[in-house]
>>> print(open('query-v8.csv').read())   # CSV, C-alpha atoms
chain,number,residue,atom,x,y,z
S,1,MET,CA,127.5,110.6,105.0
S,2,GLU,CA,129.2,107.4,106.3
S,3,VAL,CA,127.2,104.2,105.8
S,4,ASP,CA,127.6,101.4,108.3
S,5,ARG,CA,125.6,98.6,109.8
S,6,LYS,CA,123.8,101.1,112.0
S,7,THR,CA,122.6,103.1,108.9
S,8,TYR,CA,120.9,100.0,107.4
S,9,TRP,CA,119.3,99.1,110.7
S,10,LYS,CA,118.0,102.7,111.1
S,11,LEU,CA,116.7,102.6,107.5
S,12,PHE,CA,114.9,99.3,108.1
S,13,ILE,CA,113.4,100.3,111.4
S,14,SER,CA,112.2,103.7,110.2
S,15,THR,CA,110.5,102.4,107.1
S,16,PHE,CA,109.1,99.4,109.0
S,17,TYR,CA,107.6,101.7,111.6
S,18,LEU,CA,106.2,104.2,109.1
S,19,SER,CA,104.6,101.4,107.0
S,20,SER,CA,103.1,99.7,110.1
S,21,PHE,CA,101.3,102.7,111.3
S,22,THR,CA,100.2,104.6,108.3
S,23,PHE,CA,96.7,104.0,107.2
S,24,GLY,CA,95.5,105.5,104.0
S,25,GLY,CA,98.2,104.8,101.5
S,26,GLY,CA,100.8,106.9,99.7
S,27,TYR,CA,99.5,110.3,100.2
S,28,VAL,CA,99.7,109.9,104.0
S,29,ILE,CA,103.0,108.0,104.3
S,30,VAL,CA,105.0,110.4,102.0
S,31,PRO,CA,104.7,113.5,104.2
S,32,LEU,CA,105.6,111.3,107.2
S,33,MET,CA,108.7,110.0,105.4
S,34,LYS,CA,109.7,113.6,104.8
S,35,LYS,CA,109.4,114.4,108.4
S,36,LYS,CA,111.5,111.4,109.4
S,37,PHE,CA,114.3,111.7,106.9
S,38,VAL,CA,114.5,115.4,106.5
S,39,ASP,CA,113.5,117.0,109.8
S,40,GLU,CA,114.4,114.3,112.3
S,41,LEU,CA,117.4,112.4,110.9
S,42,ASN,CA,118.7,115.3,108.6
S,43,TRP,CA,119.8,112.7,106.0
S,44,ILE,CA,118.2,114.4,103.0
S,45,GLU,CA,117.6,118.1,102.2
S,46,GLU,CA,114.1,119.4,101.8
S,47,LYS,CA,114.4,120.4,98.1
S,48,GLU,CA,115.9,117.1,97.2
S,49,MET,CA,113.1,115.3,99.0
S,50,LEU,CA,110.5,117.1,97.0
S,51,ASP,CA,112.2,116.0,93.8
S,52,MET,CA,112.3,112.4,95.1
S,53,ILE,CA,108.6,112.5,95.9
S,54,SER,CA,107.7,113.7,92.4
S,55,ILE,CA,109.7,110.8,91.0
S,56,ALA,CA,107.9,108.4,93.3
S,57,GLN,CA,104.5,109.8,92.2
S,58,SER,CA,105.3,109.7,88.5
S,59,SER,CA,106.6,106.1,88.5
S,60,PRO,CA,104.3,103.1,88.3
S,61,GLY,CA,103.4,101.2,91.5
S,62,ALA,CA,102.6,102.1,95.0
S,63,ILE,CA,103.8,105.6,96.0
S,64,ALA,CA,105.0,104.4,99.5
S,65,VAL,CA,107.1,101.7,98.0
S,66,ASN,CA,108.5,104.0,95.3
S,67,ALA,CA,109.4,106.6,97.8
S,68,SER,CA,111.1,104.1,100.1
S,69,ILE,CA,113.1,102.7,97.1
S,70,ILE,CA,114.5,106.1,96.2
S,71,ILE,CA,115.2,107.1,99.8
S,72,GLY,CA,117.1,103.9,100.4
S,73,TYR,CA,119.1,104.3,97.2
S,74,ARG,CA,120.0,107.9,97.9
S,75,ILE,CA,121.3,107.1,101.4
S,76,ALA,CA,122.9,103.7,101.0
S,77,GLY,CA,122.8,102.6,97.3
S,78,VAL,CA,121.1,99.5,95.9
S,79,LEU,CA,121.6,97.6,99.2
S,80,GLY,CA,120.0,100.5,101.0
S,81,SER,CA,116.9,100.4,98.7
S,82,LEU,CA,116.6,96.6,99.3
S,83,VAL,CA,116.6,97.3,103.0
S,84,THR,CA,113.9,100.0,102.8
S,85,ILE,CA,111.8,97.8,100.4
S,86,ALA,CA,111.8,95.1,103.0
S,87,GLY,CA,110.9,97.6,105.7
S,88,THR,CA,108.0,98.9,103.8
S,89,VAL,CA,106.6,95.6,102.4
S,90,LEU,CA,106.9,93.4,105.5
S,91,PRO,CA,104.2,95.0,107.6
S,92,PRO,CA,101.4,94.7,105.1
S,93,LEU,CA,102.7,91.2,104.0
S,94,ILE,CA,102.5,89.9,107.6
S,95,ILE,CA,99.2,91.6,108.5
S,96,LEU,CA,97.4,90.5,105.3
S,97,SER,CA,98.7,86.9,105.6
S,98,VAL,CA,97.2,86.6,109.0
S,99,ILE,CA,94.0,88.2,108.0
S,100,SER,CA,93.6,86.0,104.9
S,101,LEU,CA,93.9,82.9,107.1
S,102,PHE,CA,91.1,84.3,109.3
S,103,TYR,CA,89.1,85.4,106.3
S,104,THR,CA,88.6,81.9,105.0
S,105,ALA,CA,87.7,80.7,108.5
S,106,PHE,CA,85.2,83.5,109.3
S,107,ARG,CA,83.7,84.2,105.9
S,108,ASP,CA,80.7,82.1,106.6
S,109,ASN,CA,80.0,83.5,110.1
S,110,VAL,CA,76.7,85.4,110.1
S,111,ALA,CA,77.9,88.4,112.0
S,112,VAL,CA,81.2,88.8,110.0
S,113,ASN,CA,79.1,88.4,106.8
S,114,ALA,CA,76.7,91.2,107.9
S,115,LEU,CA,79.7,93.4,108.9
S,116,MET,CA,81.5,93.0,105.6
S,117,ARG,CA,78.3,93.5,103.6
S,118,ALA,CA,77.5,96.8,105.4
S,119,MET,CA,81.1,98.0,105.1
S,120,ARG,CA,80.9,97.4,101.3
S,121,ALA,CA,78.4,100.3,101.1
S,122,GLY,CA,80.9,102.4,103.2
S,123,VAL,CA,83.8,101.5,100.9
S,124,ALA,CA,81.8,102.3,97.8
S,125,ALA,CA,81.1,105.8,99.4
S,126,VAL,CA,84.8,106.3,100.2
S,127,ILE,CA,85.9,105.5,96.6
S,128,ILE,CA,83.1,107.6,95.0
S,129,ASP,CA,84.2,110.5,97.4
S,130,VAL,CA,87.8,110.2,96.1
S,131,VAL,CA,86.6,110.0,92.5
S,132,ILE,CA,84.5,113.2,92.9
S,133,ASN,CA,87.5,115.0,94.3
S,134,MET,CA,89.8,113.8,91.5
S,135,ALA,CA,87.3,114.5,88.7
S,136,HIS,CA,86.7,117.9,90.1
S,137,ASN,CA,90.4,118.7,89.8
S,138,ILE,CA,90.4,117.5,86.2
S,139,ILE,CA,87.4,119.6,85.3
S,140,LYS,CA,88.9,122.6,87.0
S,141,GLU,CA,91.9,122.5,84.6
S,142,LYS,CA,89.5,123.5,81.8
S,143,ASN,CA,91.5,121.3,79.4
S,144,ILE,CA,89.2,119.8,76.7
S,145,LEU,CA,91.6,117.0,75.9
S,146,SER,CA,91.7,115.9,79.5
S,147,LEU,CA,87.9,116.0,79.8
S,148,LEU,CA,87.6,113.9,76.5
S,149,ILE,CA,90.1,111.4,77.8
S,150,MET,CA,88.3,111.0,81.1
S,151,ILE,CA,84.9,110.5,79.4
S,152,ALA,CA,86.2,108.2,76.7
S,153,ALA,CA,88.2,106.1,79.2
S,154,PHE,CA,85.1,105.7,81.4
S,155,ILE,CA,82.9,104.6,78.5
S,156,ALA,CA,85.6,102.2,77.2
S,157,THR,CA,86.1,100.4,80.5
S,158,PHE,CA,82.7,100.5,82.1
S,159,PHE,CA,80.4,99.8,79.1
S,160,PHE,CA,82.8,98.1,76.6
S,161,LYS,CA,85.1,96.3,79.1
S,162,VAL,CA,88.2,97.3,77.2
S,163,ASN,CA,91.3,95.9,78.8
S,164,VAL,CA,92.6,98.4,81.5
S,165,ILE,CA,96.2,98.1,80.3
S,166,MET,CA,95.2,99.0,76.8
S,167,ILE,CA,93.4,102.1,78.0
S,168,ILE,CA,96.5,103.2,80.0
S,169,LEU,CA,98.9,102.7,77.1
S,170,ILE,CA,96.7,104.6,74.7
S,171,CYS,CA,96.0,107.5,77.1
S,172,GLY,CA,99.7,107.7,77.9
S,173,GLY,CA,100.5,107.8,74.2
S,174,ILE,CA,98.0,110.6,73.6
S,175,GLY,CA,99.5,112.6,76.5
S,176,VAL,CA,103.1,112.3,75.0
S,177,ALA,CA,101.9,113.2,71.5
S,178,SER,CA,100.0,116.3,72.7
S,179,THR,CA,102.9,117.5,74.9
S,180,TYR,CA,105.3,117.3,72.0
S,181,TYR,CA,102.8,118.9,69.6
S,182,LYS,CA,102.4,121.8,72.1
S,183,LEU,CA,106.2,122.2,72.4
S,184,LYS,CA,106.6,122.2,68.6
S,185,LYS,CA,103.9,124.9,68.2
S,186,GLU,CA,105.6,127.1,70.8
S,187,ALA,CA,108.9,126.6,69.0
S,188,VAL,CA,107.4,127.7,65.7
S,189,LYS,CA,105.9,130.8,67.3
S,190,LYS,CA,109.3,131.9,68.5
O,1,MET,CA,102.5,77.0,86.9
O,2,ILE,CA,100.5,79.0,89.5
O,3,TYR,CA,103.6,80.8,90.8
O,4,LEU,CA,104.5,82.1,87.4
O,5,GLU,CA,100.9,83.2,86.7
O,6,LEU,CA,100.7,85.1,90.1
O,7,PHE,CA,104.1,86.7,89.4
O,8,TRP,CA,103.2,87.8,85.9
O,9,SER,CA,99.7,89.1,86.9
O,10,PHE,CA,101.0,91.2,89.7
O,11,PHE,CA,104.0,92.4,87.6
O,12,GLN,CA,101.5,93.9,85.2
O,13,ILE,CA,99.5,95.4,88.1
O,14,GLY,CA,102.7,97.0,89.4
O,15,LEU,CA,103.8,98.2,86.0
O,16,PHE,CA,100.6,99.8,84.9
O,17,SER,CA,99.2,101.3,88.1
O,18,ILE,CA,100.4,104.9,87.9
O,19,GLY,CA,99.0,107.6,90.2
O,20,GLY,CA,99.2,105.6,93.4
O,21,GLY,CA,96.6,104.2,95.8
O,22,TYR,CA,93.4,103.7,94.1
O,23,ALA,CA,94.9,103.5,90.6
O,24,ALA,CA,95.9,99.9,91.2
O,25,MET,CA,92.3,98.9,92.0
O,26,PRO,CA,90.9,98.6,88.5
O,27,LEU,CA,94.0,96.7,87.4
O,28,ILE,CA,93.7,94.3,90.3
O,29,GLN,CA,90.0,93.7,89.5
O,30,ASN,CA,90.8,93.2,85.9
O,31,GLN,CA,93.6,90.6,86.5
O,32,VAL,CA,92.3,88.8,89.6
O,33,VAL,CA,88.5,88.8,89.0
O,34,ASP,CA,88.0,89.1,85.2
O,35,ILE,CA,91.0,87.3,83.8
O,36,HIS,CA,92.1,84.7,86.3
O,37,HIS,CA,89.0,84.2,88.5
O,38,TRP,CA,91.1,83.9,91.6
O,39,LEU,CA,88.6,85.9,93.5
O,40,THR,CA,84.9,86.5,93.0
O,41,MET,CA,83.7,90.2,92.8
O,42,THR,CA,82.4,89.9,96.4
O,43,GLU,CA,85.8,88.6,97.6
O,44,PHE,CA,87.5,91.4,95.7
O,45,ALA,CA,85.3,94.0,97.4
O,46,ASP,CA,86.2,92.4,100.7
O,47,VAL,CA,89.9,92.7,99.9
O,48,VAL,CA,89.5,96.4,99.1
O,49,THR,CA,87.6,96.8,102.4
O,50,ILE,CA,90.3,95.0,104.4
O,51,ALA,CA,93.1,96.9,102.5
O,52,GLU,CA,91.4,100.2,103.4
O,53,MET,CA,91.5,99.4,107.1
O,54,THR,CA,95.0,98.0,107.3
O,55,PRO,CA,98.2,99.9,106.8
O,56,GLY,CA,100.1,99.5,103.6
O,57,PRO,CA,99.5,100.1,99.9
O,58,ILE,CA,96.4,98.4,98.4
O,59,ALA,CA,98.4,96.6,95.7
O,60,ILE,CA,100.7,95.0,98.3
O,61,ASN,CA,97.7,94.1,100.5
O,62,SER,CA,95.9,92.4,97.6
O,63,ALA,CA,99.0,90.7,96.3
O,64,THR,CA,99.4,89.1,99.8
O,65,PHE,CA,95.8,88.2,100.1
O,66,VAL,CA,95.4,86.7,96.6
O,67,GLY,CA,98.8,85.0,96.8
O,68,THR,CA,97.9,83.4,100.2
O,69,SER,CA,94.5,82.2,99.1
O,70,VAL,CA,95.7,80.8,95.7
O,71,ALA,CA,99.1,79.3,96.7
O,72,GLY,CA,99.9,79.9,100.4
O,73,LEU,CA,102.7,81.9,101.9
O,74,GLY,CA,104.9,81.2,98.9
O,75,GLY,CA,102.3,82.6,96.6
O,76,ALA,CA,102.0,85.7,98.8
O,77,ILE,CA,105.7,86.4,98.6
O,78,ILE,CA,105.9,85.7,94.8
O,79,ALA,CA,102.9,88.0,94.1
O,80,THR,CA,104.4,90.8,96.3
O,81,ILE,CA,107.8,90.6,94.6
O,82,GLY,CA,106.0,90.7,91.2
O,83,CYS,CA,104.1,93.7,92.3
O,84,ILE,CA,107.2,95.8,93.4
O,85,LEU,CA,109.7,94.6,90.8
O,86,PRO,CA,108.6,97.1,88.1
O,87,SER,CA,108.8,99.9,90.6
O,88,CYS,CA,112.3,99.0,91.6
O,89,ILE,CA,113.6,99.0,88.1
O,90,ILE,CA,111.7,102.1,86.9
O,91,VAL,CA,112.2,104.3,90.0
O,92,LEU,CA,116.0,103.6,90.1
O,93,ALA,CA,116.3,104.3,86.3
O,94,LEU,CA,114.3,107.5,86.7
O,95,ALA,CA,116.3,108.6,89.7
O,96,TYR,CA,119.4,108.2,87.6
O,97,LEU,CA,118.0,110.0,84.6
O,98,TYR,CA,116.6,112.7,86.8
O,99,THR,CA,119.9,113.6,88.4
O,100,ARG,CA,121.3,113.9,84.8
O,101,PHE,CA,118.6,115.7,82.9
O,102,LYS,CA,116.4,117.2,85.7
O,103,LYS,CA,113.3,117.6,83.4
O,104,LEU,CA,111.8,114.7,81.5
O,105,VAL,CA,109.3,116.1,79.0
O,106,ALA,CA,108.1,112.6,77.9
O,107,ILE,CA,107.2,111.6,81.4
O,108,GLN,CA,105.3,114.8,82.0
O,109,GLY,CA,103.4,114.1,78.8
O,110,ILE,CA,102.5,110.6,79.8
O,111,LEU,CA,101.2,111.8,83.2
O,112,ASN,CA,99.1,114.5,81.5
O,113,GLY,CA,97.4,111.9,79.4
O,114,LEU,CA,97.1,109.4,82.2
O,115,ARG,CA,95.7,111.5,85.0
O,116,PRO,CA,92.1,111.8,83.5
O,117,ALA,CA,92.2,108.2,82.4
O,118,VAL,CA,93.1,107.0,85.9
O,119,VAL,CA,90.1,108.9,87.4
O,120,ALA,CA,87.8,107.2,84.9
O,121,LEU,CA,89.2,103.8,85.7
O,122,ILE,CA,88.8,104.3,89.4
O,123,ALA,CA,85.3,105.6,88.9
O,124,SER,CA,84.5,102.4,87.0
O,125,ALA,CA,85.9,100.1,89.7
O,126,GLY,CA,84.1,102.2,92.4
O,127,ILE,CA,80.8,101.8,90.6
O,128,ALA,CA,81.3,98.1,90.3
O,129,ILE,CA,81.7,97.9,94.1
O,130,PHE,CA,78.7,100.2,94.5
O,131,LEU,CA,76.5,98.0,92.4
O,132,LEU,CA,77.7,94.9,94.3
O,133,ALA,CA,76.8,96.7,97.6
O,134,ILE,CA,73.3,97.8,96.6
O,135,PHE,CA,72.0,94.8,94.6
O,136,GLU,CA,70.7,91.8,96.6
O,137,SER,CA,72.0,89.0,94.3
O,138,ASN,CA,72.9,89.7,90.7
O,139,PRO,CA,74.4,93.2,90.1
O,140,VAL,CA,74.5,92.6,86.3
O,141,SER,CA,70.7,92.4,85.9
O,142,LEU,CA,70.1,96.0,87.1
O,143,ASP,CA,66.6,94.8,88.3
O,144,PHE,CA,65.5,97.6,90.5
O,145,SER,CA,63.2,95.4,92.6
O,146,ASP,CA,66.4,93.7,93.7
O,147,VAL,CA,67.9,96.8,95.3
O,148,ASN,CA,68.8,96.5,99.0
O,149,LEU,CA,67.4,99.7,100.6
O,150,ILE,CA,69.5,99.4,103.7
O,151,SER,CA,72.7,99.4,101.6
O,152,VAL,CA,71.5,102.4,99.6
O,153,ILE,CA,70.8,104.3,102.8
O,154,LEU,CA,74.2,103.3,104.3
O,155,PHE,CA,76.0,104.4,101.1
O,156,ALA,CA,74.2,107.7,101.0
O,157,ALA,CA,74.8,108.5,104.7
O,158,SER,CA,78.5,107.6,104.4
O,159,LEU,CA,79.0,109.7,101.3
O,160,PHE,CA,77.2,112.6,103.0
O,161,VAL,CA,79.4,112.4,106.1
O,162,LEU,CA,82.6,112.1,103.9
O,163,ARG,CA,81.7,115.1,101.8
O,164,LYS,CA,80.3,117.3,104.5
O,165,PHE,CA,82.7,116.6,107.5
O,166,LYS,CA,85.8,115.2,105.7
O,167,LEU,CA,86.0,112.5,108.4
O,168,ASN,CA,88.7,109.9,108.2
O,169,PRO,CA,87.5,107.2,105.8
O,170,ILE,CA,88.5,104.4,108.2
O,171,TYR,CA,86.0,105.7,110.8
O,172,VAL,CA,83.3,106.1,108.2
O,173,MET,CA,83.7,102.5,107.0
O,174,LEU,CA,83.9,101.1,110.6
O,175,GLY,CA,80.8,103.1,111.5
O,176,THR,CA,78.9,102.0,108.5
O,177,GLY,CA,79.9,98.4,109.2
O,178,ILE,CA,78.8,98.4,112.8
O,179,VAL,CA,75.5,100.2,112.2
O,180,GLY,CA,74.8,98.0,109.2
O,181,MET,CA,75.7,94.8,111.0
O,182,GLY,CA,73.3,95.8,113.8
O,183,ILE,CA,70.5,96.4,111.3
O,184,TYR,CA,71.1,93.2,109.3
O,185,LEU,CA,71.3,91.0,112.4
O,186,LEU,CA,68.1,92.5,113.8
O,187,ILE,CA,65.9,92.0,110.8
>>> encode(input="query-v8.csv", output="C-alpha cells")
Amino acid sequence: MEVDRKTYWKLFISTFYLSSFTFGGGYVIVPLMKKKFVDELNWIEEKEMLDMISIAQSSPGAIAVNASIIIGYRIAGVLGSLVTIAGTVLPPLIILSVISLFYTAFRDNVAVNALMRAMRAGVAAVIIDVVINMAHNIIKEKNILSLLIMIAAFIATFFFKVNVIMIILICGGIGVASTYYKLKKEAVKK
Amino acid sequence: MIYLELFWSFFQIGLFSIGGGYAAMPLIQNQVVDIHHWLTMTEFADVVTIAEMTPGPIAINSATFVGTSVAGLGGAIIATIGCILPSCIIVLALAYLYTRFKKLVAIQGILNGLRPAVVALIASAGIAIFLLAIFESNPVSLDFSDVNLISVILFAASLFVLRKFKLNPIYVMLGTGIVGMGIYLLI
C-alpha cells in the first residue's frame, strides 16, 4: 500500500473519531477498530488484525492505545504509530482537561456533591460486577495455581497493603516458572 | 521536580497495568493516593466515576486529571506521555518479535500468572471505593453505626440491575447518580 499525506490524515481522523465516541474502554474500541480498518478501509487482513489485537492485549498499558500503536505501525511505520497515538490520546486529554477545570470549581456545589456521592455507589457496583465476571472465569478454569494466586494476591494487597508492582512482578514470575515447568514435564514424557 | 515525579509515576502505571481497563485502577490508586497524596481517596473515586462516563482509557483520563490538578496543562501532557511511553516501546518490540517467532512462550506464561492477580487487585480497589461509598465519614474505622443506608441501597440496586439485565454501566451510574442526588437533596 502506498503511504502519502492522505494516509496519515485518514489514520489520524479514524483513531480520533473512534477514541472520541467509544465509552467503556479497550474491550469496546478494539472491535470497532477492526470494523474500521479491516471491513471499511481494507487496510489490514482479518487474521492479521486478530494477531495484532492479541499483542495489544498482552502488552502493558491501555488496550486502545496499544491497538492504535500497532495499527499505525503496520500501515505507515513509526511515524504512522505517532499519528495514531495522537489521534487516540487527544480526545480524552482534551475532555478531561476541561472537566478537571470544572471539577475544582463545582466540587463544593451541594447538588454536584450529592450527585458524585450517589454515583460512587453506582461505580462501586459496576466494578464489583466486573470483578464477579472475571473471578468467575478464573474459577471456571479449575486451575489450582490460578485460584491460589488470586486469593493470595487479594490478601496481600487488601489486608497487608503490599506494593501493587511487587505483586505483579511476583505473579508474572510464578506464571513463567509454571509454564516452563509444564513444558519440561511434557518433554520428559515424550 | 513535580514534572519528573508525574512522569515517573505514570510511567510505572503504564508499565505495570497489564490486562487493560480496570487493571490500571489499583496502580493509579497506589501511586496517586497512597504514595504521592496528589488526590484524596474521595477525589480518586470521583476520577474513576468521571473516567467511566467519558470516552478514553481510564489511565489516560486519570493522567490528564491528576496532571492538570497538580501542575496544569503541562502536567497533564507530561503524565499522559509517561503513561503511554512503556506501551509504545513494548508494543513495537513485541510486534517485531511476533512477526519473527509467532509464539512467545514466556509472554503466555506471564499472562497466565497475572490474570488471577489482576482480578484480585481490581477487587481490592473496587472494595476500597465501595467502603468509601457506604461509610459516612471514615471508611477505615469499619464502625457499622456509621454506614450510610441510602448508599447501601443504591449499591445493591445498581448491582442487581447490572447482574440481572446487563444494562450499559454508564446508564446504571447516571441513573444511580440522579436518583441518589434527588434523595440526598430532599432529606
>>> closest_residue(input="query-v8.csv", among="S:Leu169, S:Ala187, S:Leu145, S:Met119", to="O:Ser151", atoms="all atoms listed in the file")
S:Met119
>>> residues_around(input="query-v8.csv", residues="stretch 87-100 of chain S", least_positions_apart="6", cutoff="10 Å", atoms="only C-alpha atoms", output="PDB file with C-alpha atoms, keeping the file's coordinate frame")
ATOM      1  CA  TRP S   9     119.300  99.100 110.700  1.00  0.00           C
ATOM      2  CA  LEU S  11     116.700 102.600 107.500  1.00  0.00           C
ATOM      3  CA  PHE S  12     114.900  99.300 108.100  1.00  0.00           C
ATOM      4  CA  ILE S  13     113.400 100.300 111.400  1.00  0.00           C
ATOM      5  CA  SER S  14     112.200 103.700 110.200  1.00  0.00           C
ATOM      6  CA  THR S  15     110.500 102.400 107.100  1.00  0.00           C
ATOM      7  CA  PHE S  16     109.100  99.400 109.000  1.00  0.00           C
ATOM      8  CA  TYR S  17     107.600 101.700 111.600  1.00  0.00           C
ATOM      9  CA  LEU S  18     106.200 104.200 109.100  1.00  0.00           C
ATOM     10  CA  SER S  19     104.600 101.400 107.000  1.00  0.00           C
ATOM     11  CA  SER S  20     103.100  99.700 110.100  1.00  0.00           C
ATOM     12  CA  PHE S  21     101.300 102.700 111.300  1.00  0.00           C
ATOM     13  CA  ALA S  64     105.000 104.400  99.500  1.00  0.00           C
ATOM     14  CA  VAL S  65     107.100 101.700  98.000  1.00  0.00           C
ATOM     15  CA  ASN S  66     108.500 104.000  95.300  1.00  0.00           C
ATOM     16  CA  ALA S  67     109.400 106.600  97.800  1.00  0.00           C
ATOM     17  CA  SER S  68     111.100 104.100 100.100  1.00  0.00           C
ATOM     18  CA  ILE S  69     113.100 102.700  97.100  1.00  0.00           C
ATOM     19  CA  SER S  81     116.900 100.400  98.700  1.00  0.00           C
ATOM     20  CA  PHE S 106      85.200  83.500 109.300  1.00  0.00           C
TER      21      PHE S 106
ATOM     22  CA  VAL O  47      89.900  92.700  99.900  1.00  0.00           C
ATOM     23  CA  ILE O  50      90.300  95.000 104.400  1.00  0.00           C
ATOM     24  CA  ALA O  51      93.100  96.900 102.500  1.00  0.00           C
ATOM     25  CA  THR O  54      95.000  98.000 107.300  1.00  0.00           C
ATOM     26  CA  PRO O  55      98.200  99.900 106.800  1.00  0.00           C
ATOM     27  CA  GLY O  56     100.100  99.500 103.600  1.00  0.00           C
ATOM     28  CA  PRO O  57      99.500 100.100  99.900  1.00  0.00           C
ATOM     29  CA  ILE O  58      96.400  98.400  98.400  1.00  0.00           C
ATOM     30  CA  ILE O  60     100.700  95.000  98.300  1.00  0.00           C
ATOM     31  CA  ASN O  61      97.700  94.100 100.500  1.00  0.00           C
ATOM     32  CA  SER O  62      95.900  92.400  97.600  1.00  0.00           C
ATOM     33  CA  ALA O  63      99.000  90.700  96.300  1.00  0.00           C
ATOM     34  CA  THR O  64      99.400  89.100  99.800  1.00  0.00           C
ATOM     35  CA  PHE O  65      95.800  88.200 100.100  1.00  0.00           C
ATOM     36  CA  VAL O  66      95.400  86.700  96.600  1.00  0.00           C
ATOM     37  CA  GLY O  67      98.800  85.000  96.800  1.00  0.00           C
ATOM     38  CA  THR O  68      97.900  83.400 100.200  1.00  0.00           C
ATOM     39  CA  SER O  69      94.500  82.200  99.100  1.00  0.00           C
ATOM     40  CA  GLY O  72      99.900  79.900 100.400  1.00  0.00           C
ATOM     41  CA  LEU O  73     102.700  81.900 101.900  1.00  0.00           C
ATOM     42  CA  ALA O  76     102.000  85.700  98.800  1.00  0.00           C
ATOM     43  CA  ILE O  77     105.700  86.400  98.600  1.00  0.00           C
ATOM     44  CA  THR O  80     104.400  90.800  96.300  1.00  0.00           C
ATOM     45  CA  ILE O  81     107.800  90.600  94.600  1.00  0.00           C
ATOM     46  CA  ILE O  84     107.200  95.800  93.400  1.00  0.00           C
TER      47      ILE O  84
END
>>> closest_residue(input="query-v8.csv", among="S:Asn143, S:Lys185, S:Val3, S:Ser59", to="chain O", atoms="all atoms listed in the file")
S:Ser59
>>> residues_around(input="query-v8.csv", residues="O:Met25", least_positions_apart="4", cutoff="9 Å", atoms="only C-alpha atoms", output="compact mmCIF listing (two decimals) with C-alpha atoms, keeping the file's coordinate frame")
# COMPACT_ATOMS: atom_id res chain seq x y z
CA ILE O 13 99.50 95.40 88.10
CA SER O 17 99.20 101.30 88.10
CA GLY O 21 96.60 104.20 95.80
CA GLN O 29 90.00 93.70 89.50
CA ASN O 30 90.80 93.20 85.90
CA VAL O 48 89.50 96.40 99.10
CA ILE O 58 96.40 98.40 98.40
CA ALA O 59 98.40 96.60 95.70
CA LEU O 121 89.20 103.80 85.70
CA ILE O 122 88.80 104.30 89.40
CA ALA O 125 85.90 100.10 89.70
CA GLY O 126 84.10 102.20 92.40
>>> residues_around(input="query-v8.csv", residues="O:Ile110", least_positions_apart="2", cutoff="8 Å", atoms="all atoms listed in the file", output="PDB file with C-alpha atoms, in the frame of the given file")
ATOM      1  CA  CYS S 171      96.000 107.500  77.100  1.00  0.00           C
ATOM      2  CA  GLY S 172      99.700 107.700  77.900  1.00  0.00           C
ATOM      3  CA  GLY S 173     100.500 107.800  74.200  1.00  0.00           C
ATOM      4  CA  ILE S 174      98.000 110.600  73.600  1.00  0.00           C
ATOM      5  CA  GLY S 175      99.500 112.600  76.500  1.00  0.00           C
ATOM      6  CA  VAL S 176     103.100 112.300  75.000  1.00  0.00           C
TER       7      VAL S 176
ATOM      8  CA  ALA O 106     108.100 112.600  77.900  1.00  0.00           C
ATOM      9  CA  ILE O 107     107.200 111.600  81.400  1.00  0.00           C
ATOM     10  CA  GLN O 108     105.300 114.800  82.000  1.00  0.00           C
ATOM     11  CA  ASN O 112      99.100 114.500  81.500  1.00  0.00           C
ATOM     12  CA  GLY O 113      97.400 111.900  79.400  1.00  0.00           C
ATOM     13  CA  LEU O 114      97.100 109.400  82.200  1.00  0.00           C
TER      14      LEU O 114
END
>>> closest_residue(input="query-v8.csv", among="O:Ala133, O:Ala93, O:Ala128, O:Ile153", to="chain S", atoms="all atoms listed in the file")
O:Ala133
>>> residues_around(input="query-v8.csv", residues="S:Met150", least_positions_apart="2", cutoff="7 Å", atoms="all atoms listed in the file", output="PDB file with C-alpha atoms, in the coordinates of the input")
ATOM      1  CA  SER S 146      91.700 115.900  79.500  1.00  0.00           C
ATOM      2  CA  LEU S 147      87.900 116.000  79.800  1.00  0.00           C
ATOM      3  CA  LEU S 148      87.600 113.900  76.500  1.00  0.00           C
ATOM      4  CA  ALA S 152      86.200 108.200  76.700  1.00  0.00           C
ATOM      5  CA  ALA S 153      88.200 106.100  79.200  1.00  0.00           C
ATOM      6  CA  PHE S 154      85.100 105.700  81.400  1.00  0.00           C
TER       7      PHE S 154
ATOM      8  CA  PRO O 116      92.100 111.800  83.500  1.00  0.00           C
ATOM      9  CA  ALA O 117      92.200 108.200  82.400  1.00  0.00           C
ATOM     10  CA  VAL O 119      90.100 108.900  87.400  1.00  0.00           C
ATOM     11  CA  ALA O 120      87.800 107.200  84.900  1.00  0.00           C
TER      12      ALA O 120
END
>>> atom_distance(input="query-v8.csv", atom1="atom CA of S:Glu48", atom2="atom CA of S:Lys10")
20.1 Å
>>> closest_residue(input="query-v8.csv", among="O:Glu52, O:Asp34, O:Asp46, O:Glu5", to="S:Ala114", atoms="all atoms listed in the file")
O:Asp46
>>> residues_around(input="query-v8.csv", residues="S:Asp51", least_positions_apart="4", cutoff="12 Å", atoms="all atoms listed in the file", output="PyMOL selection string")
(chain S and resi 34+44-47+55-58+67+70-71+74) or (chain O and resi 94-95+98-99+102-103)
>>> closest_residue(input="query-v8.csv", among="S:Leu183, S:Val38, S:Ile127, S:Thr104", to="O:Ile170", atoms="all atoms listed in the file")
S:Ile127
>>> closest_residue(input="query-v8.csv", among="S:Ile128, S:Pro60, S:Phe160, S:Asn113", to="O:Pro86", atoms="all atoms listed in the file")
S:Pro60
>>> atom_distance(input="query-v8.csv", atom1="atom CA of O:Met181", atom2="atom CA of O:Lys166")
23.4 Å
>>> atom_distance(input="query-v8.csv", atom1="atom CA of O:Gly109", atom2="atom CA of O:Leu97")
16.2 Å
>>> residues_near_point(input="query-v8.csv", point="(99.4, 91.5, 90.2)", cutoff="7 Å", atoms="all atoms listed in the file", output="MDAnalysis selection string")
chainID O and resid 6:14 28 31 63 79 82:83
